[in-house]
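Structure, as structure tokens:
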Protein chains: 4
Amino acid sequence: MGAGSSLLARYDDVRGATRALAAPLSPEDCQIQSMPDASPTKWHLAHTTWFFETFVLLPRGDDAPFHPGYGYLFNSYYETVGPRQVRAERGLLSRPSLDEVLAYRAHVDEKLRAAIAQGLTDREHELVTLGLHHEQQHQELLLTDVKHALSKNALQPAYKPLARPTSKPRPLGYTQFDGGLIDVGHDGAGFAFDNEGPRHRVHIEPFAIADRPVTCGEYLAFVEAAGYQDPVHWLSDGWAFVQDRKLHAPLYWEQRDGAWFEFTLHGLWPLDMDAPVTHVSHYEADAYARFAGARLPTEFEWEHAAQGADIVKGRYADREVLHPVLTGEQDAGLFGNGWAWTQSAYLGYPRFAPAPGAVGEYNGKFMSGQMVLRGGSVATPPGHVRATYRNFFAPSARWQFTTIRMAKDA
Amino acid sequence: MGAGSSLLARYDDVRGATRALAAPLSPEDCQIQSMPDASPTKWHLAHTTWFFETFVLLPRGDDAPFHPGYGYLFNSYYETVGPRQVRAERGLLSRPSLDEVLAYRAHVDEKLRAAIAQGLTDREHELVTLGLHHEQQHQELLLTDVKHALSKNALQPAYKPLARPTSKPRPLGYTQFDGGLIDVGHDGAGFAFDNEGPRHRVHIEPFAIADRPVTCGEYLAFVEAAGYQDPVHWLSDGWAFVQDRKLHAPLYWEQRDGAWFEFTLHGLWPLDMDAPVTHVSHYEADAYARFAGARLPTEFEWEHAAQGADIVKGRYADREVLHPVLTGEQDAGLFGNGWAWTQSAYLGYPRFAPAPGAVGEYNGKFMSGQMVLRGGSVATPPGHVRATYRNFFAPSARWQFTTIRMAKDA
Amino acid sequence: MGAGSSLLARYDDVRGATRALAAPLSPEDCQIQSMPDASPTKWHLAHTTWFFETFVLLPRGDDAPFHPGYGYLFNSYYETVGPRQVRAERGLLSRPSLDEVLAYRAHVDEKLRAAIAQGLTDREHELVTLGLHHEQQHQELLLTDVKHALSKNALQPAYKPLARPTSKPRPLGYTQFDGGLIDVGHDGAGFAFDNEGPRHRVHIEPFAIADRPVTCGEYLAFVEAAGYQDPVHWLSDGWAFVQDRKLHAPLYWEQRDGAWFEFTLHGLWPLDMDAPVTHVSHYEADAYARFAGARLPTEFEWEHAAQGADIVKGRYADREVLHPVLTGEQDAGLFGNGWAWTQSAYLGYPRFAPAPGAVGEYNGKFMSGQMVLRGGSVATPPGHVRATYRNFFAPSARWQFTTIRMAKDA
Amino acid sequence: MGAGSSLLARYDDVRGATRALAAPLSPEDCQIQSMPDASPTKWHLAHTTWFFETFVLLPRGDDAPFHPGYGYLFNSYYETVGPRQVRAERGLLSRPSLDEVLAYRAHVDEKLRAAIAQGLTDREHELVTLGLHHEQQHQELLLTDVKHALSKNALQPAYKPLARPTSKPRPLGYTQFDGGLIDVGHDGAGFAFDNEGPRHRVHIEPFAIADRPVTCGEYLAFVEAAGYQDPVHWLSDGWAFVQDRKLHAPLYWEQRDGAWFEFTLHGLWPLDMDAPVTHVSHYEADAYARFAGARLPTEFEWEHAAQGADIVKGRYADREVLHPVLTGEQDAGLFGNGWAWTQSAYLGYPRFAPAPGAVGEYNGKFMSGQMVLRGGSVATPPGHVRATYRNFFAPSARWQFTTIRMAKDA
């Protein structure tokens, strides 16, 4: 019952936070999908609701689905559950309307609150908990996806207008760590995604990790040194990537009459040379680090360095400013502000086994072709990340709040 | 003054008709774009308005544009006027909102009505007239584009729900025409697009033209005779087209448990074997005609046959049923119901010269790679088509209300 | 018997000419295919042989095929005959070797000579005649295809090394023609492809046609006037074409240190400003003509002007120089040197019917999406073209010896 | 001097082996390139020669290049060295001819033999050694590339005709290994590629590895159990891969009238159910292992198991049969026969640094998006692989002699 009431409070918090993120957006804003990797806000609102309905409510057998067609429309990638809307065409679903999707949310919320009040089995409790963490991941995607969509509009509309704050970074330094046999991965206390475990031992060499992310000014030096034109800095795939797409700067950077600007959730800002560079691909992060005489950390170096760091103080999605900045000491830490690309491929840990059932499709099947990111960002809900948390994206992905945290051999 | 007041009445009619077509649609419906060839309803509403503002109001010098960014967003393809939104990304413009676009319409309407009241130059009068015919073309596209967009939704939503009426076709017959030297093209009396002239002479051979369009039942015989699997019926490009896209029936036909259905603006209907087959490409129309021992007419055969036909009685967009049917005698005529694919490539007539200025981009530059269609459809506004009217689409286009009108050598 | 001996002589001539064209090439040269539209020399040698074997020898029933697998490998596009090698992968057929293909040719030649000696039916005589004209078409393709293939080699190897001759064009003038009702198309006397008939009447307006093709110097003025950067000159499809492919000059033109060169079958030549511009797409020919205040002729204007012109004197593939030049008076005529793009789409003439059987696939099924060219080129075998001869290619095609012959309204 | 004479002998051996591999092929066979990832035999012959000329001979300053254009044609991917032939168009280089390339080889061999006789610097000695290992890698590619090219020919020609031997596999068993802290990577004694080091410690868990590769019969059970139709077995990328390409069996498997065949370097063989399955992608290997209740080994598990295994006895490219078989006990070992896909991404080892200069492009820049394979194959030259040897390919690659070696947690 204590568990139930605390779960209920958490349920209300998380579900309310999603609605709050959508609140500044019009029905039209909630409709648009600017690339296959991104989803419309409305779809995020519906899909996260479908998750609870499909994995918790319907198996209880009390009710029919809210709408017989929603299972098809709002399943993301659960092959086990059935066929679904083509991913690249989520933006074509003008029906149900935003209002209807909000009604769907209200309906499922009411049912789920009742179920919690009634008492859940342990498995249901686990699935609701998983659903809430799942919804928090979609909160982050909602912000990064709508940013990408709004960026396609020549009017450069803001999600929420706000003036640019001024960053004040410390000089770049490195923190040393000894090598040796360390334990990594989640130990099972409290919630974690299946891909964070099992906890196991890895051997690492002595290393050092930067005490803040790379800034826009530092990255601009790479741009101005023709870093995007010289293959010597790049992985072969990265070189092909920037050549094919004719890239010459991070996503959302734009030069007008010689001055650099950056499109943000708060509108077009003059580029702040002292703020962290963000929206770079793994390829760009890797190339910059090589250019700067450093390298990216492995995910285990990062995790080792993050043990004991203050997670709570990081800059997350509860702040007014939804963009990485370095306005205070805590902004330089390993948590929050921007995800750090690591040099680790996203693979299963020793003895990793996907969760049973359809939710086993959550993580394991993506363990191919992606790189691990660590630490959370300014779009991550507070309380969501952990030292063992493994985010993952294709090395070409640029629309997340990715940043560059350098490392060195000690 | 008579001209002014009649123009004003016509202006109000046409502009009001566009708004009326959008009225059943939500802001979300008006947002979506399902393929590069189609545009969102909201974009049609704005672009047709931009046309009047750009070509009539702004050259008068009275005012600044309603919004400095709209020229970029709502220019369609006028290279002379300036750069513009990428065509395939019109559906990403969540801003301006539908309400803002309607305000833009109201603003331009007010200004243009004032200008008409004040008196227009002859050139302005011509341009307003052109703008109204232009807007009528977009009314047709609005319907075909939104139909395509709604069809992408597994819920198969209706633009306007309506039950299927029952067609009663006459037996297929042919009307004979003598050959000889005939005059074709517009003679300059009343409005016509530049591509309809100059009027000129062509020599044709005796021919016969079908007295009604091909029905779904007739076309289904082709489908069931494995017509889509036998290259002998097809143009080489057409065969490649149906093979690449794995086509086996007209667009919007769907077979469920052995029964055929058709997605329409009124929802999913059981296929009416007696209604005209529609939404076929030129390739399919050509292949069917060959299969049936006939051929498509040339555009001049069609035009010759249409001289003197009753244009007004045709089935246009003012009817309740927005789908081709054969419920009355006039539905079988050459005008309305569905556009007839011809076997004529869309090319300029002898001594054709595009109109001067940016509006010269209206027709002439598209005279490559397209086929001529004649006669108008159930989505064409009443009063819009003429015997000399030349519609044109790529031979692969299927989302217009295209039909098959067969012809034969006499 | 007279027919037989004259057919035999012609057979030996044409077949020998193909081998002679391949003679300067190594087995490796004969192997390569540089794009799906082009074929390897070895494939041309085999396919033209397969044509005689398949359509003449095998139906006689005397013999089995030379090799059971060749039907699959060397069928081009005859759906009626059976499945075949993917067109884009003809260059992967290292087996049979060049020597084996030459042995195949010798075998079929022996059998066919015997059949001719023995006496052919009328139908067989027709098919052998068709096969010889077919082979002549492949002779032209052999040259244009190998030119394209060799051009992909940075060593810029020559088919046959030769120094550049110097052109001396006359000043550009126009010849006037009256309009009226004229007869066009082949009248059935002597060989013609099915697409050249039936002879029929068309009405044309008075016009004038240029008395020589456009020169490289004239075309360079278009290039230097930023003609490739200004959409005002271009058809919409043409503008998209040059933008997408980043074109700025004809195929095979190359600028080195400010000087222009042209890759030819004789190696890299300095561009001769006085020679005809060649290897332009229909889009470029059309854009240039518009830039120059003229237009392309229709195919019927061209045919009308060509009635009575001296076909024999034209510059064809029997010359030493396999590149368009203007070294003598006859080089300026309508025949030979380079194919003239017309503004006519390639469509069937009134009452056109494809030939019966598989050879009916020869022409008719390509009557979509292509433009007509007239007059022959320096790669056309002598004796192959006629005033009624209709060549056809996609408007984007640039690897044929295409030229620009301008026309005007009179 | 001892070093010199032994290097010379090795040089002659390796260079001669390449020529011997090309000996059964015609000039046409040596010309063809069937996909961008593969290269023509002639190109392999030239590129390996260019390597010695560019990195050893030219820096000595004695001579000009054999041909000024070859640097452009035969550079593979060394950005530092200069621009080069587009990779996908290597098959278009009919010039130089095969004979000219063999002359190039003879020329460089003569010069290099003279240089060895004269005495090399240590660095030159290293580079010659690297060049020989490099050439051995191309020997393997020569075989796999020409196999792929020949497979595109419907005649299904053999590289060397040979009848199918009969495999006799042992029952599948597993060998157990303890976990713990182990040393992996090359220790610097003798030649190794830079990517094999530095030697370092990794911690592994107890595991078991299969005592032979998976057979065709075992894999066919997966095929027949609709393994390619059920997403539950597949990584998400793998599922997309097999869906997009409509795969349903390993590359080169073909079903005719219900019976399975396999295209090999020796022609089309009936599938031997007892031979190792080969030419599977990483995705297929991973899916099969999951289907079979096992998994792929990590590269360190494999390396640990391979310590002390008999490398020499493996089945390499010096055997008559160039296809994986299980005809003797040693064929079941970890070395030779077929490369084992591991579940390890190809990444740099701790403190890995690429070799200095252009040869530093050899390995490091490919450390993205690829998976590690271990053990060598029937196309690997004898003496080429080591326990620490890391081969790497994209997870979609199927044209190498890849096999499935399963592992399990102990």
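Each chain of the structure tokens is named A, B, ... in the order shown, its residues numbered from 1; ligands are numbered from 1 in display order.
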
Could you list, as a tab-separated table (two decimals) with C-alpha atoms, in the first residue's frame, every residue within 12 Å of Ala289 of chain A, counting only C-alpha atoms and ignoring same-chain residues fewer than 5 positions away?
```
chain	number	residue	atom	x	y	z
A	209	ILE	CA	38.94	12.42	-17.94
A	210	ALA	CA	38.24	16.07	-18.72
A	213	PRO	CA	32.75	19.33	-21.85
A	214	VAL	CA	34.35	20.89	-24.92
A	218	GLU	CA	37.14	25.20	-28.77
A	219	TYR	CA	35.15	23.34	-31.39
A	222	PHE	CA	38.54	22.83	-35.24
A	227	GLY	CA	38.91	20.10	-39.59
A	233	HIS	CA	41.14	13.47	-38.17
A	234	TRP	CA	38.33	11.16	-39.09
A	235	LEU	CA	37.25	7.57	-38.89
A	282	HIS	CA	29.98	10.40	-32.64
A	283	TYR	CA	32.13	10.89	-35.71
A	284	GLU	CA	32.56	14.59	-34.99
A	294	ALA	CA	42.86	13.35	-26.76
A	295	ARG	CA	40.27	10.64	-27.23
A	296	LEU	CA	36.76	9.76	-26.10
A	297	PRO	CA	36.43	7.76	-22.87
A	341	TRP	CA	29.71	10.08	-26.54
A	342	THR	CA	31.95	7.19	-25.52
A	343	GLN	CA	34.19	5.07	-27.71
A	403	THR	CA	28.48	16.65	-26.07
A	404	ILE	CA	32.20	15.89	-26.08
A	405	ARG	CA	33.90	14.80	-22.87
A	406	MET	CA	37.53	14.05	-23.62
A	407	ALA	CA	39.78	11.45	-22.00
A	408	LYS	CA	43.46	10.53	-22.10
```

Could you pull the residues within 7 Å of segment 177-181 of chain C, counting only C-alpha atoms, minus those fewer than 6 positions along the same chain, as a VMD selection string?
chain C and resid 201 to 208

I'd like to know which residues of segment 235-280 of chain B are strand (DSSP E or B) (by DSSP, run on the backbone); could you write them as a PyMOL selection string?
chain B and resi 253-256+259-264+267-270+276

Could you write out that same residue set with all heavy atoms as a tab-separated table (two decimals), in the first residue's frame?
```tsv
chain	number	residue	atom	x	y	z
B	253	TRP	N	-7.57	0.83	-54.16
B	253	TRP	CA	-8.28	-0.45	-54.12
B	253	TRP	C	-7.63	-1.33	-53.06
B	253	TRP	O	-6.41	-1.33	-52.90
B	253	TRP	CB	-8.19	-1.18	-55.46
B	253	TRP	CG	-9.10	-0.68	-56.53
B	253	TRP	CD1	-9.59	0.57	-56.69
B	253	TRP	CD2	-9.62	-1.47	-57.61
B	253	TRP	NE1	-10.38	0.63	-57.81
B	253	TRP	CE2	-10.41	-0.60	-58.39
B	253	TRP	CE3	-9.50	-2.80	-58.00
B	253	TRP	CZ2	-11.08	-1.03	-59.55
B	253	TRP	CZ3	-10.15	-3.23	-59.15
B	253	TRP	CH2	-10.94	-2.35	-59.91
B	254	GLU	N	-8.43	-2.08	-52.38
B	254	GLU	CA	-7.91	-2.93	-51.32
B	254	GLU	C	-8.77	-4.18	-51.22
B	254	GLU	O	-9.99	-4.10	-51.20
B	254	GLU	CB	-7.97	-2.13	-50.00
B	254	GLU	CG	-7.37	-2.86	-48.83
B	254	GLU	CD	-7.52	-2.05	-47.55
B	254	GLU	OE1	-7.68	-0.79	-47.62
B	254	GLU	OE2	-7.51	-2.66	-46.47
B	255	GLN	N	-8.11	-5.31	-51.15
B	255	GLN	CA	-8.85	-6.56	-51.07
B	255	GLN	C	-8.81	-7.09	-49.64
B	255	GLN	O	-7.73	-7.19	-49.06
B	255	GLN	CB	-8.23	-7.59	-52.02
B	255	GLN	CG	-9.21	-8.63	-52.50
B	255	GLN	CD	-8.62	-9.54	-53.56
B	255	GLN	OE1	-7.41	-9.52	-53.79
B	255	GLN	NE2	-9.45	-10.34	-54.21
B	256	ARG	N	-9.96	-7.36	-49.08
B	256	ARG	CA	-10.04	-7.92	-47.72
B	256	ARG	C	-10.89	-9.18	-47.77
B	256	ARG	O	-12.07	-9.11	-48.12
B	256	ARG	CB	-10.71	-6.92	-46.76
B	256	ARG	CG	-9.93	-5.66	-46.57
B	256	ARG	CD	-10.61	-4.80	-45.50
B	256	ARG	NE	-9.78	-3.65	-45.18
B	256	ARG	CZ	-10.05	-2.76	-44.24
B	256	ARG	NH1	-11.16	-2.92	-43.51
B	256	ARG	NH2	-9.26	-1.77	-44.02
B	259	ALA	N	-12.97	-9.78	-50.86
B	259	ALA	CA	-13.86	-8.73	-51.37
B	259	ALA	C	-13.05	-7.45	-51.62
B	259	ALA	O	-12.13	-7.14	-50.87
B	259	ALA	CB	-14.97	-8.44	-50.37
B	260	TRP	N	-13.43	-6.73	-52.65
B	260	TRP	CA	-12.72	-5.49	-52.99
B	260	TRP	C	-13.38	-4.28	-52.37
B	260	TRP	O	-14.60	-4.16	-52.37
B	260	TRP	CB	-12.67	-5.31	-54.50
B	260	TRP	CG	-11.69	-6.22	-55.17
B	260	TRP	CD1	-11.94	-7.42	-55.77
B	260	TRP	CD2	-10.29	-6.00	-55.31
B	260	TRP	NE1	-10.78	-7.95	-56.27
B	260	TRP	CE2	-9.75	-7.11	-56.00
B	260	TRP	CE3	-9.40	-4.98	-54.91
B	260	TRP	CZ2	-8.38	-7.22	-56.30
B	260	TRP	CZ3	-8.06	-5.08	-55.21
B	260	TRP	CH2	-7.55	-6.19	-55.90
B	261	PHE	N	-12.53	-3.38	-51.87
B	261	PHE	CA	-12.99	-2.11	-51.31
B	261	PHE	C	-12.20	-0.99	-51.97
B	261	PHE	O	-11.16	-1.21	-52.60
B	261	PHE	CB	-12.77	-2.08	-49.80
B	261	PHE	CG	-13.63	-3.06	-49.07
B	261	PHE	CD1	-13.26	-4.40	-48.96
B	261	PHE	CD2	-14.83	-2.65	-48.50
B	261	PHE	CE1	-14.07	-5.31	-48.30
B	261	PHE	CE2	-15.65	-3.57	-47.83
B	261	PHE	CZ	-15.26	-4.90	-47.74
B	262	GLU	N	-12.72	0.22	-51.79
B	262	GLU	CA	-12.05	1.38	-52.36
B	262	GLU	C	-12.08	2.50	-51.33
B	262	GLU	O	-13.15	2.84	-50.80
B	262	GLU	CB	-12.77	1.81	-53.64
B	262	GLU	CG	-12.13	2.96	-54.35
B	262	GLU	CD	-12.75	3.20	-55.73
B	262	GLU	OE1	-13.91	2.79	-55.97
B	262	GLU	OE2	-12.06	3.81	-56.56
B	263	PHE	N	-10.91	3.07	-51.03
B	263	PHE	CA	-10.87	4.21	-50.12
B	263	PHE	C	-11.29	5.45	-50.88
B	263	PHE	O	-10.77	5.74	-51.96
B	263	PHE	CB	-9.45	4.38	-49.56
B	263	PHE	CG	-9.34	5.54	-48.63
B	263	PHE	CD1	-9.85	5.49	-47.34
B	263	PHE	CD2	-8.72	6.72	-49.05
B	263	PHE	CE1	-9.77	6.58	-46.48
B	263	PHE	CE2	-8.63	7.82	-48.19
B	263	PHE	CZ	-9.15	7.74	-46.90
B	264	THR	N	-12.25	6.18	-50.32
B	264	THR	CA	-12.76	7.39	-50.98
B	264	THR	C	-12.75	8.54	-49.98
B	264	THR	O	-12.46	8.35	-48.79
B	264	THR	CB	-14.21	7.19	-51.48
B	264	THR	OG1	-15.09	7.24	-50.34
B	264	THR	CG2	-14.38	5.85	-52.18
B	267	GLY	N	-14.81	7.71	-47.03
B	267	GLY	CA	-14.47	6.54	-46.23
B	267	GLY	C	-14.24	5.33	-47.12
B	267	GLY	O	-14.20	5.44	-48.35
B	268	LEU	N	-14.10	4.18	-46.50
B	268	LEU	CA	-13.86	2.95	-47.25
B	268	LEU	C	-15.18	2.40	-47.78
B	268	LEU	O	-16.07	2.06	-47.00
B	268	LEU	CB	-13.17	1.92	-46.35
B	268	LEU	CG	-12.60	0.70	-47.06
B	268	LEU	CD1	-11.38	1.08	-47.87
B	268	LEU	CD2	-12.25	-0.39	-46.06
B	269	TRP	N	-15.29	2.32	-49.09
B	269	TRP	CA	-16.52	1.81	-49.72
B	269	TRP	C	-16.28	0.42	-50.30
B	269	TRP	O	-15.19	0.17	-50.84
B	269	TRP	CB	-16.94	2.71	-50.88
B	269	TRP	CG	-17.65	3.97	-50.52
B	269	TRP	CD1	-18.06	4.37	-49.29
B	269	TRP	CD2	-18.03	5.00	-51.44
B	269	TRP	NE1	-18.68	5.60	-49.38
B	269	TRP	CE2	-18.68	6.01	-50.69
B	269	TRP	CE3	-17.90	5.19	-52.82
B	269	TRP	CZ2	-19.18	7.17	-51.27
B	269	TRP	CZ3	-18.40	6.34	-53.40
B	269	TRP	CH2	-19.05	7.32	-52.63
B	270	PRO	N	-17.28	-0.44	-50.27
B	270	PRO	CA	-17.19	-1.64	-51.11
B	270	PRO	C	-17.06	-1.17	-52.56
B	270	PRO	O	-17.69	-0.19	-52.95
B	270	PRO	CB	-18.53	-2.35	-50.91
B	270	PRO	CG	-19.12	-1.72	-49.69
B	270	PRO	CD	-18.57	-0.35	-49.57
B	276	PRO	N	-17.10	4.24	-62.45
B	276	PRO	CA	-15.88	4.37	-63.25
B	276	PRO	C	-14.65	3.99	-62.41
B	276	PRO	O	-14.57	4.32	-61.23
B	276	PRO	CB	-15.82	5.87	-63.58
B	276	PRO	CG	-17.22	6.36	-63.43
B	276	PRO	CD	-17.82	5.52	-62.32
```

Would you mind listing, as a ChimeraX atom specification, all residues of chain B that have at least one atom within 8 Å of chain C, where only C-alpha atoms are what counts?
/B:79-80,181,201-205,231-232,234-237,344-345,347,350-351,364-370,409

Writer output for current selection, C-alpha atoms, as a CSV table (one decimal), in the first residue's frame:
```csv
chain,number,residue,atom,x,y,z
B,79,GLU,CA,12.2,30.8,-59.6
B,80,THR,CA,11.9,34.4,-60.7
B,181,LEU,CA,-8.2,19.2,-90.8
B,201,ARG,CA,-4.9,23.4,-87.2
B,202,VAL,CA,-4.2,19.7,-86.9
B,203,HIS,CA,-5.0,16.9,-89.2
B,204,ILE,CA,-6.7,13.9,-87.7
B,205,GLU,CA,-7.8,10.5,-89.0
B,231,PRO,CA,4.4,-7.4,-69.9
B,232,VAL,CA,2.6,-7.8,-73.3
B,234,TRP,CA,2.5,-2.5,-71.0
B,235,LEU,CA,4.7,0.2,-72.2
B,236,SER,CA,8.2,-0.5,-71.1
B,237,ASP,CA,8.2,2.3,-68.6
B,344,SER,CA,-0.7,13.0,-76.1
B,345,ALA,CA,2.5,14.2,-74.4
B,347,LEU,CA,4.0,20.0,-75.3
B,350,PRO,CA,2.9,25.8,-82.5
B,351,ARG,CA,3.9,29.4,-81.7
B,364,GLY,CA,5.5,26.4,-70.2
B,365,LYS,CA,8.3,25.0,-68.1
B,366,PHE,CA,6.5,21.8,-67.3
B,367,MET,CA,6.3,20.8,-71.0
B,368,SER,CA,8.4,17.8,-70.5
B,369,GLY,CA,7.8,14.3,-69.3
B,370,GLN,CA,4.0,14.7,-68.7
B,409,ASP,CA,-9.4,4.0,-85.2
```

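Residues of segment 327-378 of chain A that DSSP places in helix (DSSP H, G or I), based on the backbone of this structure, are Glu329, Gln330, Asp331, Ala332, Ala358, Val359, Gly360, Glu361, Gly364, Lys365 and Phe366 of chain A.
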
Could you name the residues that touch segment 307-318 of chain A at 10 Å or less, counting only C-alpha atoms, but leaving out those on the same chain fewer than 3 positions away, as a ChimeraX atom specification?
/A:17,21,139-140,143,184,302-304,321-326,328-338,375-388

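The interatomic distance for the pair atom CA of His186 of chain C and atom CA of His134 of chain C works out to 17.5 Å.
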
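Distance-wise, atom CA of Gly188 of chain A and atom CA of Val359 of chain A end up 17.8 Å apart.
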
Could you tell me how far atom CA of Ala226 of chain D sits from atom CA of Phe291 of chain D, in Å to one decimal place?
10.9 Å

Taking 3 positions as the minimum chain separation for residues in the same chain, which residues sit within 10 Å of Tyr349 of chain A when counting only C-alpha atoms? Answer as a VMD selection string.
chain A and resid 184 to 185 194 to 200 346 352 to 353

Just want the 9 Å neighbourhood of Gly91 of chain A, counted on only C-alpha atoms, with same-chain residues fewer than 4 positions away dropped. Output as a VMD selection string.
(chain A and resid 31 to 34 39 to 40 42 to 43 87) or (chain B and resid 32 to 34 91)

File dump, residues just selected, N, CA, C and O atoms, as a tab-separated table (two decimals), in the first residue's frame:
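This went into again_11.tsv:
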```
chain	number	residue	atom	x	y	z
A	31	GLN	N	1.93	17.65	-34.47
A	31	GLN	CA	1.64	16.75	-35.59
A	31	GLN	C	2.88	16.37	-36.39
A	31	GLN	O	2.95	15.31	-36.99
A	32	ILE	N	3.86	17.26	-36.41
A	32	ILE	CA	4.89	17.15	-37.45
A	32	ILE	C	6.04	16.21	-37.08
A	32	ILE	O	6.44	16.10	-35.93
A	33	GLN	N	6.53	15.56	-38.10
A	33	GLN	CA	7.64	14.60	-37.99
A	33	GLN	C	8.66	14.96	-39.07
A	33	GLN	O	8.36	14.87	-40.25
A	34	SER	N	9.85	15.31	-38.64
A	34	SER	CA	10.79	15.86	-39.62
A	34	SER	C	11.78	14.85	-40.17
A	34	SER	O	12.53	15.15	-41.07
A	39	SER	N	9.77	11.41	-33.88
A	39	SER	CA	8.33	11.19	-33.86
A	39	SER	C	7.61	12.48	-33.50
A	39	SER	O	8.17	13.34	-32.82
A	40	PRO	N	6.35	12.59	-33.92
A	40	PRO	CA	5.57	13.77	-33.52
A	40	PRO	C	5.30	13.75	-32.01
A	40	PRO	O	5.18	12.68	-31.41
A	42	LYS	N	2.55	14.36	-30.62
A	42	LYS	CA	1.28	13.66	-30.41
A	42	LYS	C	1.50	12.15	-30.34
A	42	LYS	O	0.88	11.46	-29.53
A	43	TRP	N	2.37	11.67	-31.17
A	43	TRP	CA	2.66	10.24	-31.16
A	43	TRP	C	3.34	9.84	-29.85
A	43	TRP	O	3.02	8.79	-29.27
A	87	ARG	N	7.16	3.61	-39.46
A	87	ARG	CA	7.78	4.59	-38.59
A	87	ARG	C	7.89	5.98	-39.24
A	87	ARG	O	7.63	7.00	-38.60
B	32	ILE	N	-0.90	17.93	-42.75
B	32	ILE	CA	-0.12	16.77	-43.20
B	32	ILE	C	0.12	16.73	-44.71
B	32	ILE	O	-0.71	17.14	-45.51
B	33	GLN	N	1.29	16.23	-45.05
B	33	GLN	CA	1.73	16.10	-46.44
B	33	GLN	C	2.24	14.67	-46.61
B	33	GLN	O	3.22	14.28	-45.99
B	34	SER	N	1.58	13.92	-47.48
B	34	SER	CA	1.90	12.50	-47.54
B	34	SER	C	2.89	12.11	-48.63
B	34	SER	O	3.32	10.97	-48.69
B	91	GLY	N	4.96	20.02	-45.32
B	91	GLY	CA	4.20	19.47	-44.20
B	91	GLY	C	4.85	19.71	-42.86
B	91	GLY	O	4.29	19.37	-41.82
```

Spatial neighbours of segment 111-119 of chain B, max dist 6 Å, only C-alpha atoms, sep filter under 2 positions, as number ranges by chain
B: 4, 108-109

What does the file look like for those residues with N, CA, C and O atoms, as a short mmCIF file (atom, residue, chain, number, x, y, z; two decimals), in the first residue's frame?
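That gives us out14.cif:
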```
data_model
loop_
_atom_site.label_atom_id
_atom_site.label_comp_id
_atom_site.auth_asym_id
_atom_site.auth_seq_id
_atom_site.Cartn_x
_atom_site.Cartn_y
_atom_site.Cartn_z
N GLY B 4 -15.57 45.33 -62.37
CA GLY B 4 -15.12 45.28 -60.97
C GLY B 4 -16.10 44.52 -60.11
O GLY B 4 -15.72 43.61 -59.37
N VAL B 108 -5.51 39.55 -46.85
CA VAL B 108 -5.33 39.74 -48.29
C VAL B 108 -6.68 39.94 -48.97
O VAL B 108 -6.80 40.77 -49.89
N ASP B 109 -7.68 39.23 -48.51
CA ASP B 109 -9.01 39.42 -49.09
C ASP B 109 -9.47 40.86 -48.91
O ASP B 109 -9.99 41.49 -49.84
#
```
